[in-house]
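Listing of input01.txt; format and content: compact mmCIF, C-alpha atoms.
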```txt
# COMPACT_ATOMS: atom_id res chain seq x y z
CA ARG A 29 89.00 101.27 77.30
CA LEU A 30 85.98 100.05 79.25
CA LEU A 31 85.59 103.26 81.24
CA ARG A 32 85.12 106.49 79.33
CA PRO A 33 86.57 109.80 80.54
CA GLY A 34 84.29 111.21 83.21
CA GLY A 35 83.12 107.69 84.06
CA ILE A 36 82.90 106.51 87.65
CA LEU A 37 84.70 103.45 89.01
CA ALA A 38 84.21 101.95 92.47
CA LEU A 39 87.12 99.92 93.85
CA LEU A 40 86.75 97.62 96.83
CA VAL A 41 90.04 96.25 98.15
CA PRO A 42 91.12 94.44 101.34
CA ALA A 43 92.33 96.85 104.04
CA HIS A 44 95.30 96.89 106.43
CA ILE A 45 98.45 94.83 106.08
CA TRP A 46 98.09 93.77 109.75
CA LEU A 47 95.03 91.75 108.69
CA TYR A 48 96.85 89.84 105.94
CA GLY A 49 96.86 86.11 106.61
CA PRO A 50 96.27 82.60 105.26
CA TYR A 51 92.70 83.28 104.14
CA ASP A 52 93.93 86.19 102.00
CA ARG A 53 96.50 83.94 100.33
CA ALA A 54 93.89 81.22 99.77
CA ASP A 55 91.58 83.83 98.25
CA GLY A 56 94.29 85.00 95.82
CA HIS A 57 95.18 88.29 97.53
CA TYR A 58 98.80 89.43 97.55
CA ARG A 59 98.42 92.50 99.75
CA ARG A 60 96.06 94.70 101.73
CA TYR A 61 95.83 98.48 101.45
CA GLY A 62 95.52 101.51 103.67
CA LYS A 63 93.61 104.57 102.50
CA ARG A 64 96.82 106.54 102.02
CA HIS A 65 98.48 103.69 100.10
CA LEU A 66 95.49 103.51 97.75
CA GLU A 67 95.55 107.31 97.28
CA ILE A 68 99.23 107.13 96.31
CA LEU A 69 98.61 104.31 93.83
CA LEU A 70 95.67 106.17 92.28
CA SER A 71 97.78 109.34 91.94
CA HIS A 72 99.83 107.50 89.28
CA THR A 73 96.72 106.92 87.16
CA ARG A 74 94.01 109.01 85.55
CA LEU A 75 91.56 107.91 88.27
CA ARG A 76 90.80 110.81 90.61
CA PRO A 77 89.31 109.83 93.96
CA ILE A 78 85.94 111.33 94.77
CA ARG A 79 85.75 109.46 98.06
CA ILE A 80 87.95 106.91 99.85
CA ARG A 81 86.87 105.32 103.11
CA TYR A 82 87.11 102.23 105.26
CA LEU A 83 84.20 99.82 105.57
CA ASN A 84 83.23 97.25 108.21
CA ALA A 85 85.27 98.01 111.33
CA PRO A 86 83.65 95.17 113.35
CA GLY A 87 84.52 92.78 110.52
CA ALA A 88 88.17 93.87 110.72
CA LEU A 89 88.30 93.03 114.42
CA ALA A 90 86.64 89.65 113.89
CA TRP A 91 88.98 88.97 110.94
CA TRP A 92 92.04 89.77 113.02
CA VAL A 93 90.97 87.39 115.79
CA ARG A 94 90.02 84.54 113.44
CA TYR A 95 92.70 84.70 110.76
CA ARG A 96 95.65 86.34 112.50
CA LEU A 97 95.36 85.45 116.19
CA LEU A 98 93.78 81.98 115.81
CA ARG A 99 95.46 81.40 112.40
CA ARG A 100 92.41 79.86 110.76
CA SER A 101 92.53 79.57 106.99
CA THR A 102 88.93 78.78 106.09
CA LEU A 103 85.49 80.25 106.54
CA GLU A 104 83.14 77.83 108.23
CA HIS A 105 79.56 77.22 107.14
CA GLY A 106 77.18 79.67 108.74
CA GLN A 107 79.70 82.43 109.37
CA LEU A 108 78.89 84.18 106.12
CA GLY A 109 75.18 84.07 106.93
CA ALA A 110 75.79 85.54 110.37
CA MET A 111 77.84 88.35 108.84
CA ALA A 112 75.16 89.03 106.22
CA ALA A 113 72.61 89.36 109.02
CA VAL A 114 74.53 92.11 110.87
CA LEU A 115 75.97 93.91 107.82
CA PRO A 116 72.93 96.20 107.32
CA LEU A 117 73.33 97.47 110.90
CA ILE A 118 77.05 98.02 110.41
CA ARG A 119 76.42 99.90 107.15
CA ALA A 120 73.80 102.14 108.74
CA PHE A 121 76.09 103.01 111.65
CA GLU A 122 79.13 103.60 109.41
CA ARG A 123 77.12 105.97 107.17
CA ILE A 124 76.69 108.20 110.20
CA ILE A 125 80.17 107.72 111.69
CA PRO A 126 82.86 106.72 109.15
CA PRO A 127 85.19 104.20 110.79
CA PRO A 128 88.92 104.93 111.26
CA PHE A 129 89.73 101.39 110.04
CA GLY A 130 87.88 98.52 108.40
CA LEU A 131 88.00 95.18 106.68
CA SER A 132 87.94 96.89 103.27
CA VAL A 133 88.73 100.20 101.62
CA VAL A 134 86.32 101.55 99.04
CA ALA A 135 87.38 104.22 96.57
CA VAL A 136 84.95 105.94 94.23
CA CYS A 137 86.93 107.52 91.39
CA ARG A 138 86.33 109.51 88.21
CA LEU A 139 88.42 108.84 85.10
CA GLU A 140 90.06 111.98 83.77
CA PRO A 141 90.57 112.45 80.04
CA ASP A 142 93.87 111.29 78.58
CA PRO A 143 95.94 114.48 78.08
CA ALA A 144 97.72 112.96 75.07
CA ALA A 145 94.42 112.07 73.38
CA THR A 146 92.96 115.49 74.17
CA ALA A 147 95.99 117.29 72.72
CA SER A 148 96.02 115.21 69.54
CA SER A 149 92.29 115.69 68.96
CA GLY A 150 92.60 119.47 69.19
CA GLU A 151 90.39 119.62 72.26
CA GLY A 152 93.09 120.98 74.52
CA ALA A 153 93.23 124.46 75.97
CA PRO A 154 91.28 127.11 74.08
CA ARG A 155 93.28 128.91 71.42
CA ARG A 156 93.87 132.63 71.50
CA PRO A 157 92.34 134.62 68.70
CA ARG A 158 94.91 136.05 66.27
```
Now that the file is in, can you turn its structure into structure tokens?
Amino acid sequence: RLLRPGGILALLVPAHIWLYGPYDRADGHYRRYGKRHLEILLSHTRLRPIRIRYLNAPGALAWWVRYRLLRRSTLEHGQLGAMAAVLPLIRAFERIIPPPFGLSVVAVCRLEPDPAATASSGEGAPRRPR
């Protein structure tokens, strides 16, 4: 109801089940997604992906070390600031070379019209002249 047919929606979700750990649980996440998993989920909706890609490969590696290998469950003061400082460089690099994995998956999707609503409004396929 909030997005009209033809409207664009950007989804940003946590990536890769192998990164799931205590910080995810503390942050209210129940799962992480791969690109293919997200594509499959979207195929059951009226949202058609325009683009799906991973973001922040260096962040995924740092996340794995901190939250999976070292089993930390919190983010310490200053770490967010350090990440914010290097994020513009990561973004610039990943615009040129899309990463094969990342901390997040972003999907930009377009909402297709509801076929049932289109049929009932008479805006379906053009009618043949009689």
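Across the structure, atom CA of A:Arg119 and atom CA of A:Glu67 are spaced 22.8 Å apart.
Interatomic distance, atom CA of A:Pro50 against atom CA of A:Asn84: 19.8 Å.
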Contacts of A:Leu131 at 12 Å or less, counting only C-alpha atoms, minus same-chain residues fewer than 3 places along, as a PyMOL selection string?
-> chain A and resi 40-48+52+60-63+81-92+118+127-128+134
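The coordinates place atom CA of A:Gly109 at 24.7 Å from atom CA of A:Ala38.
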Looking at A:Ala113, A:Ile80, A:Leu75, A:Leu69, which one is nearest to A:Pro126, with distances taken over all atoms listed in the file?
-> A:Ile80
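With distances taken over all atoms listed in the file, A:Leu37 is the one residue among A:Arg100, A:Ile124, A:Val114, A:Leu37 lying closest to A:Cys137.
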Rank nothing, just name the residue among A:Leu39, A:Tyr58, A:Gly49, A:Ala110 nearest to A:Val93, using only C-alpha atoms.
-> A:Gly49
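Closest approach to A:Leu30 from the set A:Ala144, A:Ala120, A:Arg79, A:Leu139 is made by A:Leu139, with distances taken over all atoms listed in the file.
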Can you tell me, as a list of chain:residue names, what residues are no more than 10 Å from A:Tyr51 when counting all atoms listed in the file, ignoring any on the same chain fewer than 5 positions away?
-> A:Gly56, A:His57, A:Trp91, A:Arg94, A:Tyr95, A:Arg96, A:Arg99, A:Arg100, A:Ser101, A:Thr102, A:Leu103
